[in-house]
file structure35.cif (mmCIF, C-alpha atoms, pLDDT in the B column; chains and numbers go by the auth columns)
data_entry
#
loop_
_atom_site.group_PDB
_atom_site.id
_atom_site.type_symbol
_atom_site.label_atom_id
_atom_site.label_comp_id
_atom_site.label_asym_id
_atom_site.label_seq_id
_atom_site.Cartn_x
_atom_site.Cartn_y
_atom_site.Cartn_z
_atom_site.B_iso_or_equiv
_atom_site.auth_seq_id
_atom_site.auth_asym_id
ATOM 1 C CA MET A 1 46.352 -26.571 272.664 52.00 1 M
ATOM 2 C CA ASN A 2 43.426 -25.668 270.340 52.00 2 M
ATOM 3 C CA LYS A 3 43.752 -23.659 267.123 50.00 3 M
ATOM 4 C CA VAL A 4 42.772 -20.353 268.734 46.00 4 M
ATOM 5 C CA GLU A 5 45.402 -20.686 271.465 53.00 5 M
ATOM 6 C CA PHE A 6 48.008 -21.710 268.898 45.00 6 M
ATOM 7 C CA THR A 7 47.210 -18.649 266.758 50.00 7 M
ATOM 8 C CA THR A 8 47.525 -16.338 269.770 52.00 8 M
ATOM 9 C CA VAL A 9 50.859 -17.826 270.861 44.00 9 M
ATOM 10 C CA ALA A 10 52.205 -17.746 267.298 47.00 10 M
ATOM 11 C CA GLY A 11 51.204 -14.097 266.904 51.00 11 M
ATOM 12 C CA PHE A 12 52.904 -13.162 270.158 46.00 12 M
ATOM 13 C CA ALA A 13 56.058 -15.022 269.107 43.00 13 M
ATOM 14 C CA VAL A 14 56.155 -13.155 265.777 41.00 14 M
ATOM 15 C CA LEU A 15 55.779 -9.800 267.525 45.00 15 M
ATOM 16 C CA LEU A 16 58.515 -10.692 270.001 43.00 16 M
ATOM 17 C CA LEU A 17 60.824 -11.805 267.198 41.00 17 M
ATOM 18 C CA PHE A 18 60.152 -8.573 265.303 40.00 18 M
ATOM 19 C CA HIS A 19 60.919 -6.523 268.413 43.00 19 M
ATOM 20 C CA VAL A 20 64.219 -8.334 269.019 41.00 20 M
ATOM 21 C CA THR A 21 65.422 -8.163 265.422 37.00 21 M
ATOM 22 C CA GLN A 22 64.547 -4.494 265.085 39.00 22 M
ATOM 23 C CA THR A 23 66.338 -3.464 268.255 47.00 23 M
ATOM 24 C CA GLU A 24 69.923 -2.452 267.601 60.00 24 M
ATOM 25 C CA VAL A 25 72.803 -2.436 270.031 85.00 25 M
ATOM 26 C CA CYS A 26 73.717 0.592 272.109 92.00 26 M
ATOM 27 C CA PRO A 27 75.950 3.095 270.240 93.00 27 M
ATOM 28 C CA PRO A 28 79.547 2.666 271.507 91.00 28 M
ATOM 29 C CA SER A 29 79.900 6.416 272.071 89.00 29 M
ATOM 30 C CA CYS A 30 76.808 6.620 274.293 96.00 30 M
ATOM 31 C CA ASN A 31 75.574 5.371 277.651 96.00 31 M
ATOM 32 C CA CYS A 32 72.426 3.238 277.465 95.00 32 M
ATOM 33 C CA LYS A 33 70.029 2.429 280.283 94.00 33 M
ATOM 34 C CA SER A 34 67.053 0.112 280.208 93.00 34 M
ATOM 35 C CA LEU A 35 63.774 1.660 281.382 92.00 35 M
ATOM 36 C CA GLY A 36 62.313 -1.762 282.157 87.00 36 M
ATOM 37 C CA GLU A 37 61.315 -4.861 280.254 77.00 37 M
ATOM 38 C CA MET A 38 59.638 -3.959 276.960 80.00 38 M
ATOM 39 C CA LYS A 39 59.697 -0.248 277.954 85.00 39 M
ATOM 40 C CA GLY A 40 62.598 0.876 275.801 93.00 40 M
ATOM 41 C CA LEU A 41 65.951 2.528 276.410 95.00 41 M
ATOM 42 C CA GLN A 42 67.373 5.794 277.639 96.00 42 M
ATOM 43 C CA ILE A 43 70.247 6.769 275.317 97.00 43 M
ATOM 44 C CA ASP A 44 72.634 9.368 276.761 97.00 44 M
ATOM 45 C CA CYS A 45 74.992 10.694 274.079 97.00 45 M
ATOM 46 C CA SER A 46 75.452 14.110 275.704 97.00 46 M
ATOM 47 C CA SER A 47 78.878 15.814 276.049 97.00 47 M
ATOM 48 C CA ARG A 48 80.626 13.247 273.804 96.00 48 M
ATOM 49 C CA LYS A 49 81.968 15.736 271.201 96.00 49 M
ATOM 50 C CA LEU A 50 79.908 13.941 268.567 97.00 50 M
ATOM 51 C CA LYS A 51 79.980 15.411 265.074 96.00 51 M
ATOM 52 C CA GLU A 52 77.206 13.207 263.744 96.00 52 M
ATOM 53 C CA VAL A 53 74.195 11.378 265.147 96.00 53 M
ATOM 54 C CA PRO A 54 75.074 7.693 265.781 95.00 54 M
ATOM 55 C CA ALA A 55 72.892 4.761 264.761 93.00 55 M
ATOM 56 C CA LEU A 56 70.227 4.495 267.462 95.00 56 M
ATOM 57 C CA PRO A 57 68.104 1.548 268.719 93.00 57 M
ATOM 58 C CA VAL A 58 64.544 1.669 267.416 93.00 58 M
ATOM 59 C CA ASN A 59 63.188 1.205 270.953 94.00 59 M
ATOM 60 C CA THR A 60 64.765 4.455 272.188 95.00 60 M
ATOM 61 C CA LYS A 61 62.383 6.226 274.575 95.00 61 M
ATOM 62 C CA LYS A 62 64.661 9.001 275.840 96.00 62 M
ATOM 63 C CA LEU A 63 67.443 10.526 273.746 97.00 63 M
ATOM 64 C CA TYR A 64 70.036 13.006 275.000 98.00 64 M
ATOM 65 C CA LEU A 65 72.282 14.589 272.346 97.00 65 M
ATOM 66 C CA GLN A 66 72.941 17.952 273.967 97.00 66 M
ATOM 67 C CA ASN A 67 76.358 19.599 274.307 97.00 67 M
ATOM 68 C CA ASN A 68 78.041 17.993 271.301 98.00 68 M
ATOM 69 C CA SER A 69 79.490 19.246 268.014 97.00 69 M
ATOM 70 C CA LEU A 70 76.506 18.415 265.830 98.00 70 M
ATOM 71 C CA THR A 71 75.912 20.781 262.925 97.00 71 M
ATOM 72 C CA THR A 72 73.207 18.901 261.027 96.00 72 M
ATOM 73 C CA VAL A 73 71.138 15.707 260.955 96.00 73 M
ATOM 74 C CA PRO A 74 70.865 13.696 257.706 94.00 74 M
ATOM 75 C CA SER A 75 67.375 13.437 256.302 92.00 75 M
ATOM 76 C CA GLY A 76 65.591 10.350 257.657 93.00 76 M
ATOM 77 C CA ALA A 77 68.225 9.611 260.323 94.00 77 M
ATOM 78 C CA LEU A 78 65.662 9.783 263.164 95.00 78 M
ATOM 79 C CA ASP A 79 62.554 8.461 261.436 94.00 79 M
ATOM 80 C CA SER A 80 62.868 4.974 262.984 92.00 80 M
ATOM 81 C CA LEU A 81 62.467 6.304 266.544 95.00 81 M
ATOM 82 C CA LEU A 82 58.699 5.851 266.568 93.00 82 M
ATOM 83 C CA SER A 83 58.445 5.256 270.330 92.00 83 M
ATOM 84 C CA LEU A 84 60.518 8.297 271.348 95.00 84 M
ATOM 85 C CA GLU A 85 59.041 10.250 274.279 94.00 85 M
ATOM 86 C CA GLU A 86 61.813 12.687 275.226 96.00 86 M
ATOM 87 C CA VAL A 87 64.668 14.300 273.302 97.00 87 M
ATOM 88 C CA LYS A 88 67.299 16.879 274.273 96.00 88 M
ATOM 89 C CA ILE A 89 69.379 18.256 271.423 97.00 89 M
ATOM 90 C CA PHE A 90 70.365 21.795 272.476 96.00 90 M
ATOM 91 C CA ASP A 91 73.890 23.261 272.879 97.00 91 M
ATOM 92 C CA ASN A 92 75.110 22.137 269.473 98.00 92 M
ATOM 93 C CA PRO A 93 76.646 24.394 266.760 97.00 93 M
ATOM 94 C CA TRP A 94 73.791 23.926 264.304 97.00 94 M
ATOM 95 C CA ASN A 95 74.359 25.083 260.748 95.00 95 M
ATOM 96 C CA CYS A 96 70.986 26.466 259.717 93.00 96 M
ATOM 97 C CA ASP A 97 71.090 25.943 255.973 90.00 97 M
ATOM 98 C CA CYS A 98 68.816 23.825 253.766 86.00 98 M
ATOM 99 C CA HIS A 99 69.839 20.602 255.516 89.00 99 M
ATOM 100 C CA ILE A 100 68.591 21.783 258.932 93.00 100 M
ATOM 101 C CA LEU A 101 65.042 21.714 257.603 91.00 101 M
ATOM 102 C CA TYR A 102 64.678 17.994 258.324 93.00 102 M
ATOM 103 C CA LEU A 103 65.577 18.477 262.007 95.00 103 M
ATOM 104 C CA LYS A 104 63.200 21.422 262.305 94.00 104 M
ATOM 105 C CA LEU A 105 60.243 19.492 260.887 93.00 105 M
ATOM 106 C CA TRP A 106 61.092 16.361 262.876 96.00 106 M
ATOM 107 C CA LEU A 107 61.183 18.293 266.157 96.00 107 M
ATOM 108 C CA GLU A 108 57.910 20.036 265.284 94.00 108 M
ATOM 109 C CA ASP A 109 56.375 16.588 264.991 93.00 109 M
ATOM 110 C CA ILE A 110 58.094 15.031 268.020 93.00 110 M
ATOM 111 C CA SER A 111 58.812 17.733 270.632 93.00 111 M
ATOM 112 C CA GLU A 112 57.963 21.433 270.379 92.00 112 M
ATOM 113 C CA SER A 113 59.694 22.099 273.714 93.00 113 M
ATOM 114 C CA SER A 114 62.977 20.651 272.457 95.00 114 M
ATOM 115 C CA LEU A 115 62.709 22.665 269.254 95.00 115 M
ATOM 116 C CA ALA A 116 62.392 25.868 271.281 94.00 116 M
ATOM 117 C CA ASN A 117 65.808 25.213 272.879 95.00 117 M
ATOM 118 C CA VAL A 118 67.690 24.695 269.593 96.00 118 M
ATOM 119 C CA ARG A 119 69.612 27.733 268.299 96.00 119 M
ATOM 120 C CA CYS A 120 71.539 28.318 265.101 96.00 120 M
ATOM 121 C CA ALA A 121 75.324 28.849 265.191 96.00 121 M
ATOM 122 C CA THR A 122 75.837 29.528 261.488 93.00 122 M
ATOM 123 C CA PRO A 123 75.484 31.293 259.111 92.00 123 M
ATOM 124 C CA THR A 124 76.185 34.656 260.702 92.00 124 M
ATOM 125 C CA ALA A 125 72.851 36.158 259.665 89.00 125 M
ATOM 126 C CA VAL A 126 70.903 33.760 261.903 92.00 126 M
ATOM 127 C CA ARG A 127 73.460 33.188 264.645 94.00 127 M
ATOM 128 C CA MET A 128 71.793 32.513 268.052 95.00 128 M
ATOM 129 C CA LYS A 129 68.357 32.580 266.469 94.00 129 M
ATOM 130 C CA PRO A 130 65.978 29.823 267.660 95.00 130 M
ATOM 131 C CA LEU A 131 65.489 27.179 265.012 94.00 131 M
ATOM 132 C CA SER A 132 61.746 27.351 265.596 93.00 132 M
ATOM 133 C CA GLN A 133 61.740 30.995 264.425 91.00 133 M
ATOM 134 C CA LEU A 134 63.617 30.323 261.202 87.00 134 M
ATOM 135 C CA THR A 135 61.543 31.422 258.227 80.00 135 M
ATOM 136 C CA GLY A 136 61.441 30.371 254.612 70.00 136 M
ATOM 137 C CA ASN A 137 62.950 33.720 253.563 70.00 137 M
ATOM 138 C CA GLU A 138 66.021 33.066 255.727 71.00 138 M
ATOM 139 C CA LEU A 139 66.416 29.604 254.272 69.00 139 M
ATOM 140 C CA GLY A 140 66.064 30.993 250.746 57.00 140 M
ATOM 141 C CA ILE A 141 65.508 28.261 248.167 57.00 141 M
ATOM 142 C CA CYS A 142 64.829 25.713 250.917 63.00 142 M
ATOM 143 C CA LYS A 143 61.372 27.122 251.573 50.00 143 M
ATOM 144 C CA ARG A 144 59.953 25.143 248.662 51.00 144 M
ATOM 145 C CA LEU A 145 61.157 21.907 250.314 50.00 145 M
ATOM 146 C CA LEU A 146 58.768 22.316 253.254 47.00 146 M
ATOM 147 C CA PRO A 147 55.770 20.631 251.556 47.00 147 M
ATOM 148 C CA ILE A 148 58.023 17.735 250.439 48.00 148 M
ATOM 149 C CA LYS A 149 59.261 17.061 253.964 48.00 149 M
ATOM 150 C CA SER A 150 55.773 17.417 255.373 51.00 150 M
ATOM 151 C CA LEU A 151 54.631 14.868 252.786 54.00 151 M
ATOM 152 C CA GLU A 152 57.202 12.391 254.125 57.00 152 M
ATOM 153 C CA PHE A 153 55.618 12.604 257.579 59.00 153 M
ATOM 154 C CA PHE A 154 52.175 12.228 255.965 63.00 154 M
ATOM 155 C CA TRP A 155 53.182 8.989 254.229 68.00 155 M
ATOM 156 C CA ARG A 156 54.776 7.682 257.423 68.00 156 M
ATOM 157 C CA ASP A 157 51.575 8.309 259.387 73.00 157 M
ATOM 158 C CA LEU A 158 49.472 6.840 256.576 79.00 158 M
ATOM 159 C CA ILE A 159 51.528 3.637 256.600 85.00 159 M
ATOM 160 C CA LEU A 160 51.075 3.320 260.372 81.00 160 M
ATOM 161 C CA ILE A 161 47.310 3.753 259.986 89.00 161 M
ATOM 162 C CA VAL A 162 47.163 1.101 257.233 86.00 162 M
ATOM 163 C CA VAL A 163 49.159 -1.322 259.404 85.00 163 M
ATOM 164 C CA ALA A 164 46.809 -0.710 262.343 86.00 164 M
ATOM 165 C CA ILE A 165 43.695 -1.271 260.183 91.00 165 M
ATOM 166 C CA THR A 166 45.191 -4.431 258.659 90.00 166 M
ATOM 167 C CA THR A 167 45.956 -5.756 262.150 89.00 167 M
ATOM 168 C CA LEU A 168 42.361 -5.125 263.279 87.00 168 M
ATOM 169 C CA ILE A 169 41.008 -6.903 260.184 90.00 169 M
ATOM 170 C CA LEU A 170 43.232 -9.927 260.841 87.00 170 M
ATOM 171 C CA VAL A 171 42.149 -10.060 264.493 84.00 171 M
ATOM 172 C CA ALA A 172 38.478 -9.848 263.475 84.00 172 M
ATOM 173 C CA TRP A 173 39.002 -12.618 260.911 82.00 173 M
ATOM 174 C CA ALA A 174 40.739 -14.798 263.502 81.00 174 M
ATOM 175 C CA LEU A 175 37.852 -14.344 265.948 82.00 175 M
ATOM 176 C CA LYS A 176 35.293 -15.157 263.263 80.00 176 M
ATOM 177 C CA PHE A 177 37.239 -18.249 262.215 79.00 177 M
ATOM 178 C CA SER A 178 37.565 -19.431 265.818 79.00 178 M
ATOM 179 C CA LYS A 179 33.796 -19.097 266.361 78.00 179 M
ATOM 180 C CA LYS A 180 33.127 -21.055 263.181 77.00 180 M
ATOM 181 C CA LEU A 181 35.575 -23.749 264.273 77.00 181 M
ATOM 182 C CA VAL A 182 33.915 -24.063 267.704 74.00 182 M
ATOM 183 C CA TYR A 183 30.511 -24.324 266.016 73.00 183 M
ATOM 184 C CA GLN A 184 31.721 -27.085 263.685 75.00 184 M
ATOM 185 C CA ILE A 185 33.202 -28.994 266.628 77.00 185 M
ATOM 186 C CA ASN A 186 29.902 -28.752 268.541 74.00 186 M
ATOM 187 C CA VAL A 187 27.928 -29.911 265.497 70.00 187 M
ATOM 188 C CA SER A 188 30.283 -32.863 265.003 73.00 188 M
ATOM 189 C CA GLN A 189 29.910 -33.889 268.626 69.00 189 M
ATOM 190 C CA TYR A 190 26.121 -33.623 268.345 65.00 190 M
ATOM 191 C CA ASP A 191 26.080 -35.781 265.178 64.00 191 M
ATOM 192 C CA LEU A 192 28.117 -38.454 266.922 63.00 192 M
ATOM 193 C CA SER A 193 26.101 -38.485 270.134 63.00 193 M
ATOM 194 C CA GLY A 194 22.643 -38.091 268.516 58.00 194 M
ATOM 195 C CA PRO A 195 22.232 -41.511 266.852 57.00 195 M
ATOM 196 C CA LEU A 196 23.662 -43.272 269.869 53.00 196 M
ATOM 197 C CA SER A 197 21.137 -41.697 272.233 55.00 197 M
ATOM 198 C CA GLN A 198 18.330 -42.527 269.802 56.00 198 M
ATOM 199 C CA ARG A 199 19.342 -46.225 269.751 53.00 199 M
ATOM 200 C CA HIS A 200 19.366 -46.326 273.549 55.00 200 M
ATOM 201 C CA SER A 201 15.893 -44.798 273.616 56.00 201 M
ATOM 202 C CA PHE A 202 14.586 -47.317 271.075 51.00 202 M
ATOM 203 C CA LYS A 203 15.967 -50.289 273.070 53.00 203 M
ATOM 204 C CA ASN A 204 14.362 -48.962 276.260 56.00 204 M
ATOM 205 C CA ARG A 205 10.967 -48.773 274.530 56.00 205 M
ATOM 206 C CA LYS A 206 11.293 -52.386 273.303 53.00 206 M
ATOM 207 C CA LEU A 207 12.118 -53.640 276.769 54.00 207 M
ATOM 208 C CA GLN A 208 9.083 -51.885 278.126 55.00 208 M
#

call {"tool": "encode", "arguments": {"input": "structure35.cif", "output": "structure tokens"}}
result
Amino acid sequence: MNKVEFTTVAGFAVLLLFHVTQTEVCPPSCNCKSLGEMKGLQIDCSSRKLKEVPALPVNTKKLYLQNNSLTTVPSGALDSLLSLEEVKIFDNPWNCDCHILYLKLWLEDISESSLANVRCATPTAVRMKPLSQLTGNELGICKRLLPIKSLEFFWRDLILIVVAITTLILVAWALKFSKKLVYQINVSQYDLSGPLSQRHSFKNRKLQ
């Protein structure tokens, strides 16, 4: 195995190890289903009378939390679900106070269709109102928190971009190093074979 092949295998092993260590077990209160090898999980926590969002595997692709007793979601509780493709979170008695702002912004970033199906249960003034239509005036003092929460998503996206750029730089460096290594090997082989061929040529001329 040459150095390039070793680097590729080592990189794959590190990625696989990272994937395994970052994947948590299925929440005991939910039903989990694999969507295929390396394709993530479907997590069904619907109709479980849950009062809080359980710890979820980072490789969750589909998340069903509808028809529970959820009133709020702690800030940052869902930020690790970077590969999420589908979420259902309706039919919960959401308390639309300052703390609901995180869920609203998260759904705006992840799934506008799911946000449209979420309705407030309390306080009375906004009962049955879609969360997507909640305004800063209705949230009162919370309206000044909107830029802060948006900034959290900005930093998250910025970190992902930096990681992607760093990965590309490392790959480019590895390719450049491998080309240099191949060149040095070829030069070494030429240096070893050159003098030998010259000696053979000189002996042939003497015999002639």

call {"tool": "closest_residue", "arguments": {"input": "structure35.cif", "among": "M:Asp97, M:Glu112, M:Asp91, M:Glu37", "to": "Thr124 of chain M", "atoms": "all atoms listed in the file"}}
result
M:Asp97

call {"tool": "resolve_selection", "arguments": {"input": "structure35.cif", "expression": "the PyMOL selection byres ((chain M and resi 84) around 8)", "output": "list in words"}}
result
Asn59, Thr60, Lys61, Lys62, Leu63, Leu81, Leu82, Ser83, Glu85, Glu86, Val87 and Ile110 of chain M

call {"tool": "atom_distance", "arguments": {"input": "structure35.cif", "atom1": "atom CA of Cys45 of chain M", "atom2": "atom CA of Ser29 of chain M"}}
result
6.8 Å

call {"tool": "resolve_selection", "arguments": {"input": "structure35.cif", "expression": "the PyMOL selection byres ((chain M and resi 108) around 12)", "output": "mmCIF file with C-alpha atoms, in the frame of the given file"}}
result
data_model
loop_
_atom_site.group_PDB
_atom_site.id
_atom_site.type_symbol
_atom_site.label_atom_id
_atom_site.label_comp_id
_atom_site.auth_asym_id
_atom_site.auth_seq_id
_atom_site.Cartn_x
_atom_site.Cartn_y
_atom_site.Cartn_z
ATOM 1 C CA VAL M 87 64.668 14.300 273.302
ATOM 2 C CA LEU M 101 65.042 21.714 257.603
ATOM 3 C CA TYR M 102 64.678 17.994 258.324
ATOM 4 C CA LEU M 103 65.577 18.477 262.007
ATOM 5 C CA LYS M 104 63.200 21.422 262.305
ATOM 6 C CA LEU M 105 60.243 19.492 260.887
ATOM 7 C CA TRP M 106 61.092 16.361 262.876
ATOM 8 C CA LEU M 107 61.183 18.293 266.157
ATOM 9 C CA ASP M 109 56.375 16.588 264.991
ATOM 10 C CA ILE M 110 58.094 15.031 268.020
ATOM 11 C CA SER M 111 58.812 17.733 270.632
ATOM 12 C CA GLU M 112 57.963 21.433 270.379
ATOM 13 C CA SER M 113 59.694 22.099 273.714
ATOM 14 C CA SER M 114 62.977 20.651 272.457
ATOM 15 C CA LEU M 115 62.709 22.665 269.254
ATOM 16 C CA ALA M 116 62.392 25.868 271.281
ATOM 17 C CA VAL M 118 67.690 24.695 269.593
ATOM 18 C CA LEU M 131 65.489 27.179 265.012
ATOM 19 C CA SER M 132 61.746 27.351 265.596
ATOM 20 C CA GLN M 133 61.740 30.995 264.425
ATOM 21 C CA LYS M 149 59.261 17.061 253.964
ATOM 22 C CA SER M 150 55.773 17.417 255.373
ATOM 23 C CA PHE M 153 55.618 12.604 257.579
#

call {"tool": "closest_residue", "arguments": {"input": "structure35.cif", "among": "M:Cys26, M:Leu175, M:Cys32, M:Leu134", "to": "Leu56 of chain M", "atoms": "only C-alpha atoms"}}
result
M:Cys26

call {"tool": "atom_distance", "arguments": {"input": "structure35.cif", "atom1": "atom CA of Trp94 of chain M", "atom2": "atom CA of Leu65 of chain M"}}
result
12.4 Å

call {"tool": "atom_distance", "arguments": {"input": "structure35.cif", "atom1": "atom CA of Pro93 of chain M", "atom2": "atom CA of Lys49 of chain M"}}
result
11.1 Å

call {"tool": "closest_residue", "arguments": {"input": "structure35.cif", "among": "M:Leu70, M:Ala55, M:Ala77, M:Ile165", "to": "Asn95 of chain M", "atoms": "only C-alpha atoms"}}
result
M:Leu70

call {"tool": "residues_near_point", "arguments": {"input": "structure35.cif", "point": "(72.6, 26.3, 263.1)", "cutoff": "9 Å", "atoms": "only C-alpha atoms", "output": "list in words"}}
result
Thr71, Thr72, Asn92, Pro93, Trp94, Asn95, Cys96, Asp97, Ile100, Val118, Arg119, Cys120, Ala121, Thr122, Pro123, Val126, Arg127, Met128, Lys129, Pro130 and Leu131 of chain M

call {"tool": "build_atoms", "arguments": {"input": "structure35.cif", "residues": "segment 131-140 of chain M", "atoms": "all heavy atoms", "output": "PDB file, in the coordinates of the input"}}
result
ATOM      1  N   LEU M 131      65.829  27.897 266.236  1.00 94.00           N
ATOM      2  CA  LEU M 131      65.489  27.179 265.012  1.00 94.00           C
ATOM      3  C   LEU M 131      63.993  27.256 264.721  1.00 94.00           C
ATOM      4  O   LEU M 131      63.581  27.314 263.559  1.00 94.00           O
ATOM      5  CB  LEU M 131      65.922  25.709 265.138  1.00 94.00           C
ATOM      6  CG  LEU M 131      65.655  24.797 263.947  1.00 94.00           C
ATOM      7  CD1 LEU M 131      66.338  25.324 262.693  1.00 94.00           C
ATOM      8  CD2 LEU M 131      66.101  23.373 264.251  1.00 94.00           C
ATOM      9  N   SER M 132      63.203  27.304 265.770  1.00 93.00           N
ATOM     10  CA  SER M 132      61.746  27.351 265.596  1.00 93.00           C
ATOM     11  C   SER M 132      61.291  28.643 264.918  1.00 93.00           C
ATOM     12  O   SER M 132      60.206  28.684 264.321  1.00 93.00           O
ATOM     13  CB  SER M 132      61.046  27.217 266.950  1.00 93.00           C
ATOM     14  OG  SER M 132      61.451  28.258 267.825  1.00 93.00           O
ATOM     15  N   GLN M 133      62.101  29.700 265.007  1.00 91.00           N
ATOM     16  CA  GLN M 133      61.740  30.995 264.425  1.00 91.00           C
ATOM     17  C   GLN M 133      62.321  31.198 263.029  1.00 91.00           C
ATOM     18  O   GLN M 133      62.136  32.254 262.424  1.00 91.00           O
ATOM     19  CB  GLN M 133      62.192  32.130 265.352  1.00 91.00           C
ATOM     20  CG  GLN M 133      61.517  32.103 266.714  1.00 91.00           C
ATOM     21  CD  GLN M 133      62.016  33.208 267.628  1.00 91.00           C
ATOM     22  OE1 GLN M 133      62.668  34.153 267.192  1.00 91.00           O
ATOM     23  NE2 GLN M 133      61.706  33.095 268.920  1.00 91.00           N
ATOM     24  N   LEU M 134      63.016  30.212 262.531  1.00 87.00           N
ATOM     25  CA  LEU M 134      63.617  30.323 261.202  1.00 87.00           C
ATOM     26  C   LEU M 134      62.512  30.326 260.148  1.00 87.00           C
ATOM     27  O   LEU M 134      61.620  29.481 260.165  1.00 87.00           O
ATOM     28  CB  LEU M 134      64.555  29.141 260.972  1.00 87.00           C
ATOM     29  CG  LEU M 134      65.818  29.413 260.151  1.00 87.00           C
ATOM     30  CD1 LEU M 134      66.668  30.496 260.809  1.00 87.00           C
ATOM     31  CD2 LEU M 134      66.630  28.141 259.987  1.00 87.00           C
ATOM     32  N   THR M 135      62.578  31.279 259.244  1.00 80.00           N
ATOM     33  CA  THR M 135      61.543  31.422 258.227  1.00 80.00           C
ATOM     34  C   THR M 135      62.039  30.942 256.873  1.00 80.00           C
ATOM     35  O   THR M 135      63.232  30.745 256.658  1.00 80.00           O
ATOM     36  CB  THR M 135      61.102  32.889 258.104  1.00 80.00           C
ATOM     37  OG1 THR M 135      62.221  33.674 257.650  1.00 80.00           O
ATOM     38  CG2 THR M 135      60.619  33.424 259.452  1.00 80.00           C
ATOM     39  N   GLY M 136      61.099  30.790 255.956  1.00 70.00           N
ATOM     40  CA  GLY M 136      61.441  30.371 254.612  1.00 70.00           C
ATOM     41  C   GLY M 136      62.329  31.385 253.906  1.00 70.00           C
ATOM     42  O   GLY M 136      63.203  31.022 253.119  1.00 70.00           O
ATOM     43  N   ASN M 137      62.127  32.684 254.188  1.00 70.00           N
ATOM     44  CA  ASN M 137      62.950  33.720 253.563  1.00 70.00           C
ATOM     45  C   ASN M 137      64.409  33.593 253.978  1.00 70.00           C
ATOM     46  O   ASN M 137      65.318  33.813 253.181  1.00 70.00           O
ATOM     47  CB  ASN M 137      62.427  35.112 253.926  1.00 70.00           C
ATOM     48  CG  ASN M 137      61.072  35.389 253.292  1.00 70.00           C
ATOM     49  OD1 ASN M 137      60.783  34.874 252.219  1.00 70.00           O
ATOM     50  ND2 ASN M 137      60.255  36.186 253.966  1.00 70.00           N
ATOM     51  N   GLU M 138      64.647  33.220 255.240  1.00 71.00           N
ATOM     52  CA  GLU M 138      66.021  33.066 255.727  1.00 71.00           C
ATOM     53  C   GLU M 138      66.691  31.820 255.157  1.00 71.00           C
ATOM     54  O   GLU M 138      67.904  31.787 254.980  1.00 71.00           O
ATOM     55  CB  GLU M 138      66.020  33.024 257.257  1.00 71.00           C
ATOM     56  CG  GLU M 138      65.678  34.367 257.880  1.00 71.00           C
ATOM     57  CD  GLU M 138      65.329  34.254 259.354  1.00 71.00           C
ATOM     58  OE1 GLU M 138      64.745  33.230 259.738  1.00 71.00           O
ATOM     59  OE2 GLU M 138      65.624  35.196 260.102  1.00 71.00           O
ATOM     60  N   LEU M 139      65.875  30.812 254.863  1.00 69.00           N
ATOM     61  CA  LEU M 139      66.416  29.604 254.272  1.00 69.00           C
ATOM     62  C   LEU M 139      66.525  29.707 252.747  1.00 69.00           C
ATOM     63  O   LEU M 139      67.118  28.845 252.107  1.00 69.00           O
ATOM     64  CB  LEU M 139      65.541  28.395 254.630  1.00 69.00           C
ATOM     65  CG  LEU M 139      65.641  27.937 256.086  1.00 69.00           C
ATOM     66  CD1 LEU M 139      64.578  26.894 256.375  1.00 69.00           C
ATOM     67  CD2 LEU M 139      67.021  27.393 256.394  1.00 69.00           C
ATOM     68  N   GLY M 140      65.953  30.761 252.175  1.00 57.00           N
ATOM     69  CA  GLY M 140      66.064  30.993 250.746  1.00 57.00           C
ATOM     70  C   GLY M 140      65.355  29.931 249.939  1.00 57.00           C
ATOM     71  O   GLY M 140      64.162  29.679 250.097  1.00 57.00           O
TER      72      GLY M 140
END
